[in-house]
2 protein chains.
Amino acid sequence: MARTARGGAGSKVLETAHRLFYREGIHAVGVDTIAAEAGVTKTALYSNFGSKAQLVVSYLRERDRLWQAEIDRITASIDSPRERVLAVFDAYEAWSARDRFRGCAFVNAAAELPRPDDPAREVVRHHKSAVRGYLARQVDLLCEPGPELPARLMLLLEGAVVTSGIERSAEPFRVARGFAESLLPPDASEQSAER
Amino acid sequence: MARTARGGAGSKVLETAHRLFYREGIHAVGVDTIAAEAGVTKTALYSNFGSKAQLVVSYLRERDRLWQAEIDRITASIDSPRERVLAVFDAYEAWSARDRFRGCAFVNAAAELPRPDDPAREVVRHHKSAVRGYLARQVDLLCEPGPELPARLMLLLEGAVVTSGIERSAEPFRVARGFAESLLPPDASEQSAER
DNA sequence: TCGATAGTAAACAGACCGGTATATTTTCCA
DNA sequence: TGGAAAATATACCGGTCTGTTTACTATCGA
């Protein structure tokens with residue numbers, strides 16, 4: 001709705017594309033399949049999205065939007081920055097235990113779309129920067145060392161998602177969470193009025 | 001040579017497939033392209049590898065073999081287990097700075113091949129277990145805590161490879177290396193100066 | 001009532017997909 | 001030197017890929 005007006009057919013297509021692209025990969029799913037599964041015609045798909053490449057971009061944007069919403073929902077009721085960071089690790093772990101889990105959609109998309117100037121890769125970078133930004137804001141509230149800690153936490157999270165996707169196990173997240181716990185200073189109650 | 005006898009055409013095909021699969025992705029490269037680029041006929045390709053899926057498996061096996069050889073070469077002249085681990089991080093960083101770098105071939109392959117029982121995914125798991133095994137052996141020589149440290153180092157390495165592939169920067173490896181350095185106890189024997 | 005919007009239905013285009021069949025040439029060695 | 005085996009060239013198979021075209025229909029607000 002924000003930048004591309006699309007009707008009921010468009011949202012059904014996006015929903016279907018989201019599911020199939022994540023589950024089977026981008027190159028592995030054709031537009032005919034998406035249109036058929038969504039119960040719309042190819043004409044409707046193309047009038048809403050213009051091309052498969054733009055549909056892929058919409059898929060990743062939607063995925064990023066859902067992630068933001070989920071993080072907000074999860075951390076809304078948590079007051080401590082430290083606990084918020086750990087809750088992110090917990091959320092990823094819970095996600096990885098679901099049977100539809102197939103690793104990070106953004107990493108998978110980047111693996112299939114090598115060209116650095118591909119518009120989809122821009123969405124990937126934007127998402128990763130959003131995740132890192134969230135962690136950095138929590139760390140800022142918690143202590144004041146340089147930018148090293150957020151980057152380190154990000155490495156842990158990224159490593160755990162990839163490993164978990166390959167091994168189909170939630171174990172990497174438990175390792176990562178324990179590791180993160182050991183890195184984060186205890187909540188300095190709530191007196192550190194840094195910002 | 002070991003398990004599949006293949007002639008000169010076979011090795012040219014494997015070499016070409018290796019280059020194209022890594023650079024452009026598996027689904028994005030057709031067998032016609034590989035055969036043409038390798039300068040052999042499709043018949044020769046199929047008589048050597050049987051199917052595209054088996055060629056993919058051969059590609060990943062070769063990649064794993066090359067990794068083992070490279071690690072052996074790099075660490076042959078290093079006596080300290082601690083320095084060997086750090087040299088692995090350095091080797092990845094140097095690799096990531098090359099312009100052909102496009103992230104981890106095994107992670108990328110797993111992203112394109114969702115089925116858990118795909119033979120290619122078995123090679124992926126085998127490779128990851130080999131990397132983890134190498135780190136674990138060095139850690140064993142260095143100290144005696146549980147299996148947590150190798151798993152943690154592996155998370156760092158994996159996270160750095162993925163992030164570096166997405167951002168096309170060597171920076172994640174510098175963060176990961178510094179992080180790893182802080183985790184590894186000083187060499188027990190002749191605990192001389194840190195680098 | 002007009003006309004824009006959004007959709008359906010179905011065929012088509014041209015390229016490319018993995019894989020095979022057939023026939024010809026080259027190689028090697030007994 | 002003869003002949004089997006291996007490598008080659010070339011054409012072909014059915015199917016799928018993204019994307020377009022044409023023709024028709026339902027809805028709804030001005």
# chains A, B, ... in the order shown; residues from 1 in each chain; ligands from 1

$ residues_around --residues "segment 7-10 of chain C" --least-positions-apart "3" --cutoff "8 Å" --atoms "only C-alpha atoms (C1' of nucleotides)" --output "PyMOL selection string"
(chain A and resi 41+44) or (chain D and resi 25-26)

$ select_by_dssp --residues "chain A" --states "alpha helix (DSSP H)" --output "count of residues only"
138

$ calpha_fit_and_write --fixed "chain B" --moving "chain A" --output "compact mmCIF listing (two decimals) with C-alpha atoms, in the first residue's frame"
# COMPACT_ATOMS: atom_id res chain seq x y z
CA MET A 1 40.76 -40.26 -9.17
CA ALA A 2 40.09 -41.60 -5.74
CA ARG A 3 36.64 -43.01 -6.18
CA THR A 4 35.61 -42.02 -9.67
CA ALA A 5 38.02 -42.48 -12.52
CA ARG A 6 37.68 -39.58 -14.88
CA GLY A 7 39.68 -38.47 -17.85
CA GLY A 8 40.84 -35.12 -19.09
CA ALA A 9 37.34 -34.03 -20.01
CA GLY A 10 36.18 -34.75 -16.47
CA SER A 11 38.68 -32.45 -14.83
CA LYS A 12 37.90 -29.66 -17.26
CA VAL A 13 34.22 -30.08 -16.46
CA LEU A 14 34.87 -30.06 -12.74
CA GLU A 15 36.99 -26.96 -12.99
CA THR A 16 34.33 -25.15 -15.00
CA ALA A 17 31.47 -26.32 -12.81
CA HIS A 18 33.40 -25.17 -9.76
CA ARG A 19 33.81 -21.70 -11.16
CA LEU A 20 30.26 -21.31 -12.48
CA PHE A 21 28.41 -22.90 -9.56
CA TYR A 22 30.19 -20.68 -7.09
CA ARG A 23 29.82 -17.53 -9.15
CA GLU A 24 26.22 -17.86 -10.30
CA GLY A 25 24.62 -20.51 -8.15
CA ILE A 26 23.70 -24.11 -8.79
CA HIS A 27 20.22 -23.80 -10.24
CA ALA A 28 21.28 -20.86 -12.36
CA VAL A 29 23.85 -22.85 -14.34
CA GLY A 30 22.77 -25.56 -16.76
CA VAL A 31 24.76 -28.56 -17.88
CA ASP A 32 24.82 -27.28 -21.45
CA THR A 33 26.57 -24.14 -20.30
CA ILE A 34 29.10 -26.09 -18.27
CA ALA A 35 29.88 -28.47 -21.12
CA ALA A 36 30.21 -25.65 -23.65
CA GLU A 37 32.41 -23.53 -21.36
CA ALA A 38 34.58 -26.54 -20.57
CA GLY A 39 34.95 -27.28 -24.27
CA VAL A 40 33.57 -30.80 -24.01
CA THR A 41 30.34 -32.39 -25.12
CA LYS A 42 27.40 -33.12 -22.90
CA THR A 43 27.97 -36.80 -23.56
CA ALA A 44 31.41 -36.54 -21.99
CA LEU A 45 30.02 -34.66 -19.02
CA TYR A 46 27.40 -37.31 -18.37
CA SER A 47 29.78 -40.20 -18.89
CA ASN A 48 32.07 -38.69 -16.26
CA PHE A 49 29.57 -37.56 -13.66
CA GLY A 50 26.32 -39.37 -14.28
CA SER A 51 24.04 -36.49 -13.35
CA LYS A 52 24.05 -32.85 -12.45
CA ALA A 53 23.39 -33.74 -8.81
CA GLN A 54 26.55 -35.87 -8.70
CA LEU A 55 28.49 -33.09 -10.36
CA VAL A 56 27.35 -30.77 -7.61
CA VAL A 57 28.58 -33.25 -5.01
CA SER A 58 31.94 -33.47 -6.78
CA TYR A 59 32.14 -29.69 -6.87
CA LEU A 60 31.63 -29.42 -3.12
CA ARG A 61 34.03 -32.25 -2.37
CA GLU A 62 36.66 -30.53 -4.46
CA ARG A 63 36.01 -27.27 -2.68
CA ASP A 64 36.45 -28.94 0.69
CA ARG A 65 39.67 -30.57 -0.50
CA LEU A 66 41.03 -27.21 -1.67
CA TRP A 67 40.13 -25.65 1.67
CA GLN A 68 41.99 -28.34 3.59
CA ALA A 69 45.04 -27.88 1.38
CA GLU A 70 44.94 -24.11 1.79
CA ILE A 71 44.69 -24.32 5.57
CA ASP A 72 47.60 -26.75 5.69
CA ARG A 73 49.66 -24.50 3.50
CA ILE A 74 48.91 -21.39 5.53
CA THR A 75 49.45 -22.83 8.96
CA ALA A 76 52.40 -25.08 8.12
CA SER A 77 54.94 -22.53 9.21
CA ILE A 78 53.10 -21.33 12.32
CA ASP A 79 54.05 -22.95 15.59
CA SER A 80 51.59 -21.34 17.97
CA PRO A 81 48.03 -22.70 18.06
CA ARG A 82 46.77 -19.25 18.94
CA GLU A 83 48.42 -17.75 15.87
CA ARG A 84 47.13 -20.58 13.73
CA VAL A 85 43.56 -19.78 14.70
CA LEU A 86 44.08 -16.12 13.99
CA ALA A 87 45.73 -16.98 10.69
CA VAL A 88 42.55 -18.77 9.67
CA PHE A 89 40.59 -15.58 10.26
CA ASP A 90 43.19 -13.67 8.29
CA ALA A 91 42.97 -16.10 5.41
CA TYR A 92 39.21 -15.70 5.23
CA GLU A 93 39.59 -11.95 5.33
CA ALA A 94 42.06 -11.98 2.46
CA TRP A 95 39.75 -14.25 0.50
CA SER A 96 36.78 -11.96 1.10
CA ALA A 97 38.68 -9.05 -0.38
CA ARG A 98 39.05 -10.79 -3.72
CA ASP A 99 36.53 -9.73 -6.31
CA ARG A 100 35.34 -13.25 -7.00
CA PHE A 101 34.22 -13.60 -3.38
CA ARG A 102 30.57 -14.54 -3.02
CA GLY A 103 30.31 -15.93 0.50
CA CYS A 104 30.63 -19.52 1.58
CA ALA A 105 30.08 -22.02 -1.22
CA PHE A 106 28.70 -24.55 1.23
CA VAL A 107 26.22 -22.19 2.82
CA ASN A 108 25.12 -21.06 -0.63
CA ALA A 109 24.67 -24.64 -1.78
CA ALA A 110 22.64 -25.49 1.32
CA ALA A 111 20.43 -22.48 0.60
CA GLU A 112 19.65 -23.86 -2.85
CA LEU A 113 19.21 -27.50 -1.84
CA PRO A 114 16.59 -27.64 0.90
CA ARG A 115 16.12 -31.38 1.23
CA PRO A 116 17.99 -32.54 4.34
CA ASP A 117 18.84 -35.87 2.73
CA ASP A 118 20.36 -34.31 -0.37
CA PRO A 119 23.83 -35.86 -0.81
CA ALA A 120 25.25 -32.40 -1.34
CA ARG A 121 24.15 -31.35 2.13
CA GLU A 122 26.14 -34.18 3.58
CA VAL A 123 29.26 -32.70 2.03
CA VAL A 124 28.28 -29.33 3.50
CA ARG A 125 27.98 -30.79 6.98
CA HIS A 126 31.26 -32.64 6.53
CA HIS A 127 33.05 -29.44 5.58
CA LYS A 128 31.65 -27.48 8.49
CA SER A 129 32.65 -30.23 10.84
CA ALA A 130 36.16 -30.17 9.37
CA VAL A 131 36.46 -26.44 10.00
CA ARG A 132 35.15 -26.80 13.53
CA GLY A 133 37.49 -29.74 14.04
CA TYR A 134 40.48 -27.71 13.02
CA LEU A 135 39.60 -24.93 15.43
CA ALA A 136 38.91 -27.42 18.20
CA ARG A 137 42.32 -29.06 17.78
CA GLN A 138 44.08 -25.72 18.06
CA VAL A 139 42.07 -24.76 21.12
CA ASP A 140 42.89 -28.10 22.69
CA LEU A 141 46.56 -27.31 22.36
CA LEU A 142 46.02 -23.92 23.88
CA CYS A 143 43.90 -24.50 26.95
CA GLU A 144 41.59 -27.07 28.36
CA PRO A 145 38.11 -25.70 28.87
CA GLY A 146 35.12 -27.53 27.48
CA PRO A 147 33.85 -27.53 23.93
CA GLU A 148 32.34 -24.08 24.23
CA LEU A 149 35.27 -22.11 22.85
CA PRO A 150 35.56 -23.88 19.47
CA ALA A 151 31.82 -23.56 18.94
CA ARG A 152 32.04 -19.87 19.76
CA LEU A 153 34.93 -19.31 17.39
CA MET A 154 32.99 -21.15 14.74
CA LEU A 155 30.00 -18.86 15.21
CA LEU A 156 32.24 -15.87 14.71
CA LEU A 157 33.78 -17.26 11.56
CA GLU A 158 30.45 -18.29 10.10
CA GLY A 159 28.84 -14.99 10.95
CA ALA A 160 31.69 -13.09 9.39
CA VAL A 161 31.62 -15.08 6.15
CA VAL A 162 27.89 -14.56 5.71
CA THR A 163 27.93 -10.89 6.61
CA SER A 164 30.93 -10.27 4.42
CA GLY A 165 29.21 -12.00 1.52
CA ILE A 166 26.12 -9.87 1.89
CA GLU A 167 27.83 -6.55 2.43
CA ARG A 168 30.75 -7.24 0.13
CA SER A 169 33.17 -5.96 2.72
CA ALA A 170 36.09 -7.38 4.65
CA GLU A 171 35.11 -5.48 7.77
CA PRO A 172 33.20 -8.33 9.45
CA PHE A 173 36.40 -10.36 9.45
CA ARG A 174 38.29 -7.63 11.23
CA VAL A 175 35.59 -7.52 13.89
CA ALA A 176 35.60 -11.31 14.15
CA ARG A 177 39.37 -11.53 14.33
CA GLY A 178 39.60 -8.91 17.06
CA PHE A 179 36.87 -10.71 18.91
CA ALA A 180 38.62 -14.07 18.55
CA GLU A 181 41.85 -12.55 19.76
CA SER A 182 40.15 -11.46 22.94
CA LEU A 183 38.80 -14.96 23.55
CA LEU A 184 41.98 -16.92 23.07
CA PRO A 185 44.29 -17.16 26.07
CA PRO A 186 47.87 -16.10 25.39
CA ASP A 187 50.14 -18.89 24.31
CA ALA A 188 51.23 -20.56 27.51
CA SER A 189 54.66 -20.60 25.90
CA GLU A 190 55.00 -24.21 24.87
CA GLN A 191 55.02 -26.02 28.12
CA SER A 192 51.39 -27.11 28.23
CA ALA A 193 52.06 -30.68 27.25
CA GLU A 194 48.41 -31.59 27.06
CA ARG A 195 48.97 -33.81 24.07

$ closest_atom_pairs --of "chain C" --to "chain B" --cutoff "10 Å" --atoms "only C-alpha atoms (C1' of nucleotides)" --output "CSV"
residue,atom,partner,partner_atom,distance
C:DC16,C1',B:Gly30,CA,8.5
C:DC17,C1',B:Gly30,CA,7.3
C:DG18,C1',B:Val31,CA,7.5
C:DG19,C1',B:Ser51,CA,8.2
C:DT20,C1',B:Thr43,CA,8.9

$ write_last_selection --atoms "N, CA and C atoms (P, O5', C5', C4', C3', O3' and C1' of nucleotides)" --output "PDB file, in the first residue's frame"
ATOM      1  P    DC C  16      19.021 -18.279 -24.271  1.00  0.00           P
ATOM      2  O5'  DC C  16      18.764 -19.438 -23.209  1.00  0.00           O
ATOM      3  C5'  DC C  16      18.147 -19.127 -21.968  1.00  0.00           C
ATOM      4  C4'  DC C  16      17.642 -20.390 -21.347  1.00  0.00           C
ATOM      5  C3'  DC C  16      18.687 -21.503 -21.253  1.00  0.00           C
ATOM      6  O3'  DC C  16      18.999 -21.710 -19.876  1.00  0.00           O
ATOM      7  C1'  DC C  16      16.555 -22.321 -21.906  1.00  0.00           C
ATOM      8  P    DC C  17      20.099 -22.782 -19.465  1.00  0.00           P
ATOM      9  O5'  DC C  17      19.222 -23.991 -18.927  1.00  0.00           O
ATOM     10  C5'  DC C  17      18.141 -23.724 -18.039  1.00  0.00           C
ATOM     11  C4'  DC C  17      17.407 -25.016 -17.722  1.00  0.00           C
ATOM     12  C3'  DC C  17      18.275 -26.267 -17.782  1.00  0.00           C
ATOM     13  O3'  DC C  17      18.908 -26.444 -16.530  1.00  0.00           O
ATOM     14  C1'  DC C  17      16.182 -26.625 -18.898  1.00  0.00           C
ATOM     15  P    DG C  18      20.216 -27.326 -16.451  1.00  0.00           P
ATOM     16  O5'  DG C  18      19.604 -28.792 -16.529  1.00  0.00           O
ATOM     17  C5'  DG C  18      18.767 -29.234 -15.479  1.00  0.00           C
ATOM     18  C4'  DG C  18      18.215 -30.597 -15.815  1.00  0.00           C
ATOM     19  C3'  DG C  18      19.263 -31.715 -15.865  1.00  0.00           C
ATOM     20  O3'  DG C  18      18.681 -32.905 -15.340  1.00  0.00           O
ATOM     21  C1'  DG C  18      18.210 -31.527 -17.969  1.00  0.00           C
ATOM     22  P    DG C  19      19.676 -34.228 -15.260  1.00  0.00           P
ATOM     23  O5'  DG C  19      19.462 -34.941 -16.669  1.00  0.00           O
ATOM     24  C5'  DG C  19      18.138 -35.348 -17.037  1.00  0.00           C
ATOM     25  C4'  DG C  19      18.149 -35.921 -18.431  1.00  0.00           C
ATOM     26  C3'  DG C  19      19.237 -36.966 -18.726  1.00  0.00           C
ATOM     27  O3'  DG C  19      18.604 -38.201 -19.003  1.00  0.00           O
ATOM     28  C1'  DG C  19      18.948 -35.443 -20.527  1.00  0.00           C
ATOM     29  P    DT C  20      19.420 -39.484 -19.408  1.00  0.00           P
ATOM     30  O5'  DT C  20      19.189 -39.513 -20.992  1.00  0.00           O
ATOM     31  C5'  DT C  20      17.862 -39.400 -21.495  1.00  0.00           C
ATOM     32  C4'  DT C  20      17.876 -39.573 -23.000  1.00  0.00           C
ATOM     33  C3'  DT C  20      18.722 -40.747 -23.512  1.00  0.00           C
ATOM     34  O3'  DT C  20      17.965 -41.452 -24.485  1.00  0.00           O
ATOM     35  C1'  DT C  20      19.334 -38.784 -24.639  1.00  0.00           C
TER      36       DT C  20
END

$ interface_residues --of "chain D" --to "chain A" --cutoff "10 Å" --atoms "only C-alpha atoms (C1' of nucleotides)" --output "list of chain:residue names"
D:DT16, D:DC17, D:DT18, D:DG19, D:DT20

$ write_last_selection --atoms "C-alpha atoms (C1' of nucleotides)" --output "mmCIF file, in the first residue's frame"
data_model
loop_
_atom_site.group_PDB
_atom_site.id
_atom_site.type_symbol
_atom_site.label_atom_id
_atom_site.label_comp_id
_atom_site.auth_asym_id
_atom_site.auth_seq_id
_atom_site.Cartn_x
_atom_site.Cartn_y
_atom_site.Cartn_z
ATOM 1 C "C1'" DT D 16 9.576 -25.154 -18.108
ATOM 2 C "C1'" DC D 17 11.227 -20.438 -17.863
ATOM 3 C "C1'" DT D 18 9.814 -15.231 -17.811
ATOM 4 C "C1'" DG D 19 7.010 -12.288 -19.996
ATOM 5 C "C1'" DT D 20 3.263 -10.609 -23.518
#
